[in-house]
>>> print(open('protein.pdb').read())   # PDB, C-alpha atoms
ATOM      1  CA  MET L   1      33.733-173.795 -77.812
ATOM      2  CA  SER L   2      35.768-170.959 -79.273
ATOM      3  CA  LEU L   3      38.985-169.353 -78.084
ATOM      4  CA  ALA L   4      39.920-165.833 -79.176
ATOM      5  CA  VAL L   5      43.203-164.215 -78.131
ATOM      6  CA  SER L   6      44.266-160.739 -79.234
ATOM      7  CA  ASP L   7      46.867-158.120 -78.267
ATOM      8  CA  PHE L   8      48.255-160.698 -75.836
ATOM      9  CA  TYR L   9      51.211-159.666 -73.690
ATOM     10  CA  LEU L  10      52.856-162.076 -71.236
ATOM     11  CA  ALA L  11      56.037-161.504 -69.253
ATOM     12  CA  PHE L  12      57.830-162.874 -66.218
ATOM     13  CA  ALA L  13      59.835-160.194 -64.408
ATOM     14  CA  ASP L  14      61.891-158.514 -67.161
ATOM     15  CA  LEU L  15      61.468-161.359 -69.661
ATOM     16  CA  SER L  16      58.637-160.858 -72.142
ATOM     17  CA  LEU L  17      57.415-163.997 -73.947
ATOM     18  CA  PHE L  18      54.572-162.579 -76.049
ATOM     19  CA  GLU L  19      53.834-159.106 -77.332
ATOM     20  CA  ALA L  20      50.630-158.310 -79.246
ATOM     21  CA  ALA L  21      50.101-162.004 -80.018
ATOM     22  CA  GLN L  22      46.808-163.309 -81.366
ATOM     23  CA  ILE L  23      45.190-166.616 -82.292
ATOM     24  CA  GLN L  24      41.676-167.887 -82.992
ATOM     25  CA  VAL L  25      40.197-171.352 -82.451
ATOM     26  CA  GLU L  26      36.619-171.833 -83.595
ATOM     27  CA  GLN L  27      34.149-174.345 -82.199
ATOM     28  CA  GLY L  28      34.999-177.879 -83.306
ATOM     29  CA  GLU L  29      38.428-176.916 -84.647
ATOM     30  CA  ILE L  30      41.774-178.506 -83.905
ATOM     31  CA  VAL L  31      44.633-176.016 -84.018
ATOM     32  CA  CYS L  32      48.330-176.783 -83.535
ATOM     33  CA  LEU L  33      50.877-174.300 -82.232
ATOM     34  CA  ALA L  34      54.392-175.313 -83.271
ATOM     35  CA  THR L  35      56.892-174.413 -80.558
ATOM     36  CA  GLY L  36      60.629-174.320 -80.056
ATOM     37  CA  VAL L  37      62.862-174.384 -76.989
ATOM     38  CA  LEU L  38      61.827-171.964 -74.236
ATOM     39  CA  ASP L  39      59.637-169.889 -76.546
ATOM     40  CA  GLY L  40      56.686-169.685 -74.163
ATOM     41  CA  GLY L  41      54.338-172.277 -75.630
ATOM     42  CA  THR L  42      53.587-173.905 -72.275
ATOM     43  CA  SER L  43      53.024-170.558 -70.570
ATOM     44  CA  PHE L  44      50.666-169.505 -73.354
ATOM     45  CA  LEU L  45      48.552-172.645 -72.965
ATOM     46  CA  LYS L  46      48.444-172.174 -69.201
ATOM     47  CA  ALA L  47      47.253-168.597 -69.704
ATOM     48  CA  CYS L  48      44.476-169.907 -71.963
ATOM     49  CA  ALA L  49      43.494-172.287 -69.138
ATOM     50  CA  GLY L  50      43.407-169.507 -66.556
ATOM     51  CA  ILE L  51      46.419-170.948 -64.721
ATOM     52  CA  VAL L  52      48.991-168.249 -65.581
ATOM     53  CA  PRO L  53      48.001-164.554 -65.409
ATOM     54  CA  PHE L  54      48.900-162.293 -68.320
ATOM     55  CA  GLN L  55      49.544-158.570 -68.257
ATOM     56  CA  ARG L  56      47.634-157.226 -71.239
ATOM     57  CA  GLY L  57      45.270-158.214 -74.001
ATOM     58  CA  THR L  58      42.034-160.111 -74.475
ATOM     59  CA  LEU L  59      41.567-163.833 -73.948
ATOM     60  CA  GLN L  60      37.996-164.978 -74.480
ATOM     61  CA  VAL L  61      36.453-168.415 -74.126
ATOM     62  CA  ASP L  62      33.104-168.548 -75.906
ATOM     63  CA  GLY L  63      33.046-164.764 -75.914
ATOM     64  CA  GLU L  64      33.672-164.449 -72.160
ATOM     65  CA  ASP L  65      36.786-162.828 -70.708
ATOM     66  CA  ILE L  66      38.648-165.622 -68.928
ATOM     67  CA  GLN L  67      39.973-163.172 -66.345
ATOM     68  CA  GLN L  68      36.383-162.456 -65.298
ATOM     69  CA  MET L  69      35.241-166.092 -65.237
ATOM     70  CA  PRO L  70      35.000-167.910 -61.876
ATOM     71  CA  ALA L  71      37.452-170.788 -61.528
ATOM     72  CA  GLU L  72      34.589-173.280 -61.319
ATOM     73  CA  GLN L  73      33.190-172.065 -64.647
ATOM     74  CA  ILE L  74      36.590-172.378 -66.327
ATOM     75  CA  PHE L  75      37.040-175.847 -64.879
ATOM     76  CA  ARG L  76      33.728-177.069 -66.302
ATOM     77  CA  LYS L  77      34.627-175.938 -69.815
ATOM     78  CA  VAL L  78      38.408-176.045 -70.183
ATOM     79  CA  ALA L  79      40.872-178.875 -69.533
ATOM     80  CA  TYR L  80      44.640-178.472 -69.498
ATOM     81  CA  CYS L  81      46.773-181.509 -70.343
ATOM     82  CA  TYR L  82      50.267-181.256 -68.838
ATOM     83  CA  GLU L  83      53.345-182.331 -70.762
ATOM     84  CA  SER L  84      55.035-183.339 -67.513
ATOM     85  CA  GLY L  85      54.034-183.266 -63.872
ATOM     86  CA  GLY L  86      50.446-182.372 -63.131
ATOM     87  CA  LEU L  87      49.683-185.609 -61.239
ATOM     88  CA  VAL L  88      49.423-186.140 -57.483
ATOM     89  CA  SER L  89      52.309-188.400 -56.487
ATOM     90  CA  LEU L  90      50.466-189.861 -53.470
ATOM     91  CA  PHE L  91      47.565-191.076 -55.646
ATOM     92  CA  THR L  92      47.360-194.036 -57.990
ATOM     93  CA  VAL L  93      46.649-193.428 -61.665
ATOM     94  CA  TYR L  94      42.984-194.315 -61.058
ATOM     95  CA  ASN L  95      42.612-191.775 -58.274
ATOM     96  CA  ASN L  96      44.434-189.090 -60.275
ATOM     97  CA  ILE L  97      41.992-189.490 -63.152
ATOM     98  CA  ALA L  98      39.101-189.482 -60.675
ATOM     99  CA  ILE L  99      40.102-186.130 -59.132
ATOM    100  CA  PRO L 100      38.011-183.822 -61.360
ATOM    101  CA  LEU L 101      34.955-186.058 -61.028
ATOM    102  CA  ARG L 102      35.269-186.870 -57.341
ATOM    103  CA  TYR L 103      36.246-183.517 -55.909
ATOM    104  CA  HIS L 104      34.693-181.015 -58.303
ATOM    105  CA  ARG L 105      31.466-182.769 -59.324
ATOM    106  CA  ASN L 106      28.718-184.580 -57.466
ATOM    107  CA  PHE L 107      28.991-187.985 -59.149
ATOM    108  CA  ASP L 108      28.623-191.357 -57.467
ATOM    109  CA  ASP L 109      31.399-193.959 -57.481
ATOM    110  CA  ASP L 110      29.702-196.132 -60.107
ATOM    111  CA  PHE L 111      29.452-193.271 -62.594
ATOM    112  CA  ILE L 112      33.053-192.249 -61.917
ATOM    113  CA  ASP L 113      34.293-195.796 -62.455
ATOM    114  CA  LYS L 114      32.391-196.191 -65.741
ATOM    115  CA  ARG L 115      33.766-192.882 -67.044
ATOM    116  CA  ILE L 116      37.333-193.782 -66.071
ATOM    117  CA  GLN L 117      37.086-197.257 -67.580
ATOM    118  CA  PHE L 118      35.724-195.825 -70.844
ATOM    119  CA  VAL L 119      38.388-193.129 -71.261
ATOM    120  CA  THR L 120      41.320-195.334 -70.275
ATOM    121  CA  GLY L 121      39.976-198.107 -72.492
ATOM    122  CA  GLU L 122      39.971-195.778 -75.488
ATOM    123  CA  LEU L 123      43.528-194.684 -74.717
ATOM    124  CA  GLN L 124      44.563-198.281 -73.981
ATOM    125  CA  ILE L 125      45.982-197.472 -70.564
ATOM    126  CA  GLN L 126      43.634-199.486 -68.341
ATOM    127  CA  HIS L 127      46.603-201.616 -67.279
ATOM    128  CA  LEU L 128      48.091-198.538 -65.591
ATOM    129  CA  LEU L 129      45.151-197.768 -63.295
ATOM    130  CA  ASP L 130      46.679-199.370 -60.195
ATOM    131  CA  CYS L 131      50.140-197.915 -60.809
ATOM    132  CA  ASP L 132      51.736-195.170 -58.747
ATOM    133  CA  VAL L 133      52.819-192.024 -60.572
ATOM    134  CA  HIS L 134      56.538-192.753 -60.090
ATOM    135  CA  GLN L 135      56.128-196.008 -62.044
ATOM    136  CA  LEU L 136      55.087-194.221 -65.249
ATOM    137  CA  ASN L 137      57.390-193.271 -68.111
ATOM    138  CA  ASP L 138      57.106-189.899 -69.859
ATOM    139  CA  VAL L 139      54.634-191.056 -72.519
ATOM    140  CA  GLN L 140      52.449-192.793 -69.937
ATOM    141  CA  LEU L 141      52.418-189.635 -67.817
ATOM    142  CA  ARG L 142      51.109-187.627 -70.769
ATOM    143  CA  LEU L 143      48.449-190.243 -71.553
ATOM    144  CA  VAL L 144      47.258-190.262 -67.930
ATOM    145  CA  ASN L 145      47.099-186.452 -67.985
ATOM    146  CA  LEU L 146      45.108-186.713 -71.212
ATOM    147  CA  ALA L 147      42.721-189.218 -69.620
ATOM    148  CA  ARG L 148      42.188-186.913 -66.647
ATOM    149  CA  ALA L 149      41.436-184.057 -69.053
ATOM    150  CA  LEU L 150      39.044-186.061 -71.227
ATOM    151  CA  VAL L 151      37.181-187.632 -68.315
ATOM    152  CA  ILE L 152      35.279-184.362 -67.751
ATOM    153  CA  ARG L 153      34.396-184.122 -71.469
ATOM    154  CA  PRO L 154      35.807-180.592 -71.830
ATOM    155  CA  ARG L 155      34.565-178.158 -74.430
ATOM    156  CA  LEU L 156      38.107-176.823 -74.903
ATOM    157  CA  LEU L 157      41.159-179.082 -74.545
ATOM    158  CA  LEU L 158      44.597-177.506 -74.199
ATOM    159  CA  ALA L 159      47.289-180.151 -74.736
ATOM    160  CA  ASP L 160      50.965-179.353 -74.191
ATOM    161  CA  GLU L 161      53.343-181.332 -76.441
ATOM    162  CA  LEU L 162      51.190-184.425 -76.086
ATOM    163  CA  GLN L 163      52.897-186.317 -78.919
ATOM    164  CA  SER L 164      56.460-186.189 -77.583
ATOM    165  CA  GLY L 165      58.112-189.605 -77.370
ATOM    166  CA  MET L 166      55.253-191.509 -78.986
ATOM    167  CA  SER L 167      55.836-194.036 -81.729
ATOM    168  CA  PRO L 168      54.285-193.117 -85.103
ATOM    169  CA  SER L 169      51.528-195.701 -84.668
ATOM    170  CA  MET L 170      50.653-194.560 -81.138
ATOM    171  CA  ARG L 171      50.716-190.927 -82.268
ATOM    172  CA  GLU L 172      48.237-191.539 -85.071
ATOM    173  CA  GLN L 173      46.022-193.613 -82.775
ATOM    174  CA  ILE L 174      45.827-190.857 -80.147
ATOM    175  CA  LEU L 175      45.281-188.141 -82.764
ATOM    176  CA  ALA L 176      42.451-190.158 -84.291
ATOM    177  CA  ILE L 177      40.810-190.412 -80.863
ATOM    178  CA  LEU L 178      41.050-186.639 -80.424
ATOM    179  CA  LYS L 179      39.672-186.026 -83.915
ATOM    180  CA  ASP L 180      36.692-188.282 -83.193
ATOM    181  CA  TYR L 181      36.168-186.546 -79.858
ATOM    182  CA  CYS L 182      35.882-183.145 -81.535
ATOM    183  CA  THR L 183      33.591-184.525 -84.238
ATOM    184  CA  ASP L 184      31.299-186.177 -81.698
ATOM    185  CA  THR L 185      31.135-183.342 -79.158
ATOM    186  CA  GLY L 186      31.887-180.137 -81.078
ATOM    187  CA  ALA L 187      34.771-179.484 -78.701
ATOM    188  CA  SER L 188      37.887-177.571 -79.751
ATOM    189  CA  ILE L 189      41.555-178.380 -79.228
ATOM    190  CA  LEU L 190      44.638-176.192 -79.077
ATOM    191  CA  MET L 191      47.770-178.339 -79.024
ATOM    192  CA  THR L 192      51.405-177.313 -78.836
ATOM    193  CA  THR L 193      53.733-179.408 -80.966
ATOM    194  CA  THR L 194      57.470-179.777 -81.368
ATOM    195  CA  ALA L 195      59.838-181.050 -84.057
ATOM    196  CA  GLY L 196      58.713-184.393 -85.486
ATOM    197  CA  ASP L 197      55.122-184.117 -84.271
ATOM    198  CA  SER L 198      52.214-184.670 -86.653
ATOM    199  CA  HIS L 199      49.796-181.951 -87.745
ATOM    200  CA  SER L 200      47.618-184.378 -89.669
ATOM    201  CA  ILE L 201      44.395-183.562 -87.804
ATOM    202  CA  ALA L 202      44.931-179.798 -87.582
ATOM    203  CA  ASP L 203      42.594-177.344 -89.248
ATOM    204  CA  ARG L 204      45.368-174.744 -88.974
ATOM    205  CA  VAL L 205      48.952-174.632 -87.767
ATOM    206  CA  TYR L 206      50.599-171.625 -86.137
ATOM    207  CA  ARG L 207      54.135-171.074 -84.890
ATOM    208  CA  ILE L 208      55.724-168.791 -82.323
ATOM    209  CA  GLU L 209      58.012-166.243 -83.926
ATOM    210  CA  ASN L 210      59.508-163.053 -82.468
ATOM    211  CA  LYS L 211      57.068-163.105 -79.506
ATOM    212  CA  LYS L 212      54.081-163.363 -81.816
ATOM    213  CA  ILE L 213      51.895-166.204 -83.091
ATOM    214  CA  VAL L 214      52.117-166.557 -86.862
ATOM    215  CA  LEU L 215      49.929-168.659 -89.165
ATOM    216  CA  GLU L 216      51.873-171.282 -91.080
ATOM    217  CA  PRO L 217      51.314-171.211 -94.859
ATOM    218  CA  VAL L 218      49.263-174.078 -96.265
TER     219      VAL L 218
END
>>> encode(input="protein.pdb", output="structure tokens")
Amino acid sequence: MSLAVSDFYLAFADLSLFEAAQIQVEQGEIVCLATGVLDGGTSFLKACAGIVPFQRGTLQVDGEDIQQMPAEQIFRKVAYCYESGGLVSLFTVYNNIAIPLRYHRNFDDDFIDKRIQFVTGELQIQHLLDCDVHQLNDVQLRLVNLARALVIRPRLLLADELQSGMSPSMREQILAILKDYCTDTGASILMTTTAGDSHSIADRVYRIENKKIVLEPV
């Protein structure tokens, strides 16, 4: 699934974050967007997921204007992986991961359980399934958010600073899983990164600079 953003303008009140920004993610590609402190990376990803409205420009998912797409259609194609928050505090980890399958799809409990066990097994977080959200550390929260995103097998995954706090070995393990996922499914990934994160699986790397998105030189 492709993502095409052009002439993108996003502001909150009198604070503009992006002006005439553009970026392209082709089907099957993994693209990293290097971010700094309070430069709008999270807001940009949320706009790409249809969560945050933007004021001007074009944002197309597989050639369709995301502002014209029904929420259900976006949900079936695009998954947003939160850096922090995003989970329901009253639910266990298992029930949080089950949300998109149980409440937005017509799957039986056996199918849901098999999908959850597979995804959490790959991410090596099965031991967290019975935990409450407040028992998780920051890295575990991001991995549970990733599991909830991957459980629907999205065509476009938007991951916000997923690597933060991970050890080098865990980071490479998770990136390898995402690389294999794109290879196997043809899905695309747009991932924000911060200082110290790896770009080893990226087809291209961009950065946010002066309210625009700039391609990093090879």
>>> axis_aligned_box(input="protein.pdb", around="segment 9-14 of chain L", padding_each_side="3 Å", output="JSON")
{"center_x": 56.6, "center_y": -160.7, "center_z": -69.0, "size_x": 16.7, "size_y": 10.4, "size_z": 15.3}
>>> closest_residue(input="protein.pdb", among="L:Leu123, L:Leu33, L:Leu136, L:Val214", to="Gln173 of chain L", atoms="only C-alpha atoms")
L:Leu123
>>> resolve_selection(input="protein.pdb", expression="the PyMOL selection byres ((chain L and resi 193) around 8)", output="PyMOL selection string")
chain L and resi 32-35+160-163+191-192+194-195+197-198
>>> resolve_selection(input="protein.pdb", expression="the PyMOL selection byres ((chain L and resi 115) around 12)", output="PDB file with C-alpha atoms, keeping the file's coordinate frame")
ATOM      1  CA  TYR L  94      42.984-194.315 -61.058  1.00  0.00           C
ATOM      2  CA  ILE L  97      41.992-189.490 -63.152  1.00  0.00           C
ATOM      3  CA  ALA L  98      39.101-189.482 -60.675  1.00  0.00           C
ATOM      4  CA  PRO L 100      38.011-183.822 -61.360  1.00  0.00           C
ATOM      5  CA  LEU L 101      34.955-186.058 -61.028  1.00  0.00           C
ATOM      6  CA  ARG L 102      35.269-186.870 -57.341  1.00  0.00           C
ATOM      7  CA  PHE L 107      28.991-187.985 -59.149  1.00  0.00           C
ATOM      8  CA  ASP L 108      28.623-191.357 -57.467  1.00  0.00           C
ATOM      9  CA  ASP L 109      31.399-193.959 -57.481  1.00  0.00           C
ATOM     10  CA  ASP L 110      29.702-196.132 -60.107  1.00  0.00           C
ATOM     11  CA  PHE L 111      29.452-193.271 -62.594  1.00  0.00           C
ATOM     12  CA  ILE L 112      33.053-192.249 -61.917  1.00  0.00           C
ATOM     13  CA  ASP L 113      34.293-195.796 -62.455  1.00  0.00           C
ATOM     14  CA  LYS L 114      32.391-196.191 -65.741  1.00  0.00           C
ATOM     15  CA  ILE L 116      37.333-193.782 -66.071  1.00  0.00           C
ATOM     16  CA  GLN L 117      37.086-197.257 -67.580  1.00  0.00           C
ATOM     17  CA  PHE L 118      35.724-195.825 -70.844  1.00  0.00           C
ATOM     18  CA  VAL L 119      38.388-193.129 -71.261  1.00  0.00           C
ATOM     19  CA  THR L 120      41.320-195.334 -70.275  1.00  0.00           C
ATOM     20  CA  GLY L 121      39.976-198.107 -72.492  1.00  0.00           C
ATOM     21  CA  GLU L 122      39.971-195.778 -75.488  1.00  0.00           C
ATOM     22  CA  GLN L 126      43.634-199.486 -68.341  1.00  0.00           C
ATOM     23  CA  ALA L 147      42.721-189.218 -69.620  1.00  0.00           C
ATOM     24  CA  ARG L 148      42.188-186.913 -66.647  1.00  0.00           C
ATOM     25  CA  ALA L 149      41.436-184.057 -69.053  1.00  0.00           C
ATOM     26  CA  LEU L 150      39.044-186.061 -71.227  1.00  0.00           C
ATOM     27  CA  VAL L 151      37.181-187.632 -68.315  1.00  0.00           C
ATOM     28  CA  ILE L 152      35.279-184.362 -67.751  1.00  0.00           C
ATOM     29  CA  ARG L 153      34.396-184.122 -71.469  1.00  0.00           C
TER      30      ARG L 153
END
>>> resolve_selection(input="protein.pdb", expression="the PyMOL selection byres ((chain L and resi 28) around 8)", output="number ranges by chain")
L: 1, 26-27, 29-30, 182-183, 185-189
>>> atom_distance(input="protein.pdb", atom1="atom CA of Gly40 of chain L", atom2="atom CA of Leu10 of chain L")
9.0 Å
>>> atom_distance(input="protein.pdb", atom1="atom CA of Gly85 of chain L", atom2="atom CA of Ile177 of chain L")
22.7 Å
>>> closest_residue(input="protein.pdb", among="L:Val144, L:Gly196, L:Gln55, L:Leu178", to="Gly165 of chain L", atoms="all atoms listed in the file")
L:Gly196
>>> atom_distance(input="protein.pdb", atom1="atom CA of Gln135 of chain L", atom2="atom CA of Val93 of chain L")
9.8 Å
>>> decode(input="protein.pdb", residues="segment 34-45 of chain L", atoms="all heavy atoms", output="PDB file, in the first residue's frame")
ATOM      1  N   ALA L  34      13.255  10.736  10.586  1.00  0.00           N
ATOM      2  CA  ALA L  34      14.036  11.118  11.759  1.00  0.00           C
ATOM      3  C   ALA L  34      13.464  12.406  12.357  1.00  0.00           C
ATOM      4  O   ALA L  34      13.267  13.399  11.655  1.00  0.00           O
ATOM      5  CB  ALA L  34      15.499  11.319  11.369  1.00  0.00           C
ATOM      6  N   THR L  35      13.194  12.368  13.662  1.00  0.00           N
ATOM      7  CA  THR L  35      12.540  13.490  14.318  1.00  0.00           C
ATOM      8  C   THR L  35      13.382  14.027  15.468  1.00  0.00           C
ATOM      9  O   THR L  35      14.259  13.350  15.990  1.00  0.00           O
ATOM     10  CB  THR L  35      11.161  13.076  14.865  1.00  0.00           C
ATOM     11  OG1 THR L  35      11.342  12.077  15.871  1.00  0.00           O
ATOM     12  CG2 THR L  35      10.284  12.518  13.764  1.00  0.00           C
ATOM     13  N   GLY L  36      13.077  15.250  15.851  1.00  0.00           N
ATOM     14  CA  GLY L  36      13.698  15.867  17.008  1.00  0.00           C
ATOM     15  C   GLY L  36      12.646  16.157  18.054  1.00  0.00           C
ATOM     16  O   GLY L  36      11.527  15.646  18.000  1.00  0.00           O
ATOM     17  N   VAL L  37      12.970  17.019  19.005  1.00  0.00           N
ATOM     18  CA  VAL L  37      12.052  17.333  20.096  1.00  0.00           C
ATOM     19  C   VAL L  37      10.973  18.297  19.616  1.00  0.00           C
ATOM     20  O   VAL L  37      11.266  19.353  19.057  1.00  0.00           O
ATOM     21  CB  VAL L  37      12.825  17.954  21.283  1.00  0.00           C
ATOM     22  CG1 VAL L  37      11.863  18.326  22.399  1.00  0.00           C
ATOM     23  CG2 VAL L  37      13.889  16.993  21.787  1.00  0.00           C
ATOM     24  N   LEU L  38       9.726  17.895  19.792  1.00  0.00           N
ATOM     25  CA  LEU L  38       8.570  18.755  19.499  1.00  0.00           C
ATOM     26  C   LEU L  38       8.588  19.310  18.073  1.00  0.00           C
ATOM     27  O   LEU L  38       8.204  20.465  17.840  1.00  0.00           O
ATOM     28  CB  LEU L  38       8.502  19.911  20.511  1.00  0.00           C
ATOM     29  CG  LEU L  38       8.382  19.518  21.982  1.00  0.00           C
ATOM     30  CD1 LEU L  38       8.404  20.753  22.864  1.00  0.00           C
ATOM     31  CD2 LEU L  38       7.116  18.713  22.224  1.00  0.00           C
ATOM     32  N   ASP L  39       8.998  18.476  17.118  1.00  0.00           N
ATOM     33  CA  ASP L  39       9.026  18.945  15.731  1.00  0.00           C
ATOM     34  C   ASP L  39       7.825  18.463  14.917  1.00  0.00           C
ATOM     35  O   ASP L  39       7.751  18.686  13.713  1.00  0.00           O
ATOM     36  CB  ASP L  39      10.327  18.538  15.031  1.00  0.00           C
ATOM     37  CG  ASP L  39      10.521  17.030  14.963  1.00  0.00           C
ATOM     38  OD1 ASP L  39       9.613  16.287  15.379  1.00  0.00           O
ATOM     39  OD2 ASP L  39      11.594  16.594  14.502  1.00  0.00           O
ATOM     40  N   GLY L  40       6.883  17.788  15.558  1.00  0.00           N
ATOM     41  CA  GLY L  40       5.650  17.427  14.880  1.00  0.00           C
ATOM     42  C   GLY L  40       5.595  16.034  14.299  1.00  0.00           C
ATOM     43  O   GLY L  40       4.626  15.693  13.611  1.00  0.00           O
ATOM     44  N   GLY L  41       6.597  15.204  14.564  1.00  0.00           N
ATOM     45  CA  GLY L  41       6.615  13.872  13.981  1.00  0.00           C
ATOM     46  C   GLY L  41       5.405  13.038  14.352  1.00  0.00           C
ATOM     47  O   GLY L  41       4.797  12.377  13.502  1.00  0.00           O
ATOM     48  N   THR L  42       5.032  13.058  15.631  1.00  0.00           N
ATOM     49  CA  THR L  42       3.866  12.295  16.086  1.00  0.00           C
ATOM     50  C   THR L  42       2.589  12.806  15.436  1.00  0.00           C
ATOM     51  O   THR L  42       1.752  12.022  14.962  1.00  0.00           O
ATOM     52  CB  THR L  42       3.734  12.363  17.620  1.00  0.00           C
ATOM     53  OG1 THR L  42       4.870  11.723  18.215  1.00  0.00           O
ATOM     54  CG2 THR L  42       2.465  11.680  18.093  1.00  0.00           C
ATOM     55  N   SER L  43       2.422  14.104  15.382  1.00  0.00           N
ATOM     56  CA  SER L  43       1.228  14.685  14.762  1.00  0.00           C
ATOM     57  C   SER L  43       1.149  14.338  13.280  1.00  0.00           C
ATOM     58  O   SER L  43       0.050  14.084  12.754  1.00  0.00           O
ATOM     59  CB  SER L  43       1.226  16.204  14.942  1.00  0.00           C
ATOM     60  OG  SER L  43       1.161  16.555  16.311  1.00  0.00           O
ATOM     61  N   PHE L  44       2.300  14.296  12.609  1.00  0.00           N
ATOM     62  CA  PHE L  44       2.303  13.941  11.195  1.00  0.00           C
ATOM     63  C   PHE L  44       1.833  12.502  11.000  1.00  0.00           C
ATOM     64  O   PHE L  44       1.004  12.214  10.129  1.00  0.00           O
ATOM     65  CB  PHE L  44       3.698  14.127  10.597  1.00  0.00           C
ATOM     66  CG  PHE L  44       3.772  13.754   9.149  1.00  0.00           C
ATOM     67  CD1 PHE L  44       3.225  14.582   8.183  1.00  0.00           C
ATOM     68  CD2 PHE L  44       4.375  12.572   8.747  1.00  0.00           C
ATOM     69  CE1 PHE L  44       3.266  14.234   6.835  1.00  0.00           C
ATOM     70  CE2 PHE L  44       4.430  12.220   7.405  1.00  0.00           C
ATOM     71  CZ  PHE L  44       3.871  13.054   6.447  1.00  0.00           C
ATOM     72  N   LEU L  45       2.358  11.588  11.816  1.00  0.00           N
ATOM     73  CA  LEU L  45       1.930  10.187  11.700  1.00  0.00           C
ATOM     74  C   LEU L  45       0.436  10.050  11.978  1.00  0.00           C
ATOM     75  O   LEU L  45      -0.266   9.290  11.300  1.00  0.00           O
ATOM     76  CB  LEU L  45       2.709   9.306  12.670  1.00  0.00           C
ATOM     77  CG  LEU L  45       4.087   8.791  12.265  1.00  0.00           C
ATOM     78  CD1 LEU L  45       4.507   7.660  13.203  1.00  0.00           C
ATOM     79  CD2 LEU L  45       4.136   8.319  10.833  1.00  0.00           C
TER      80      LEU L  45
END
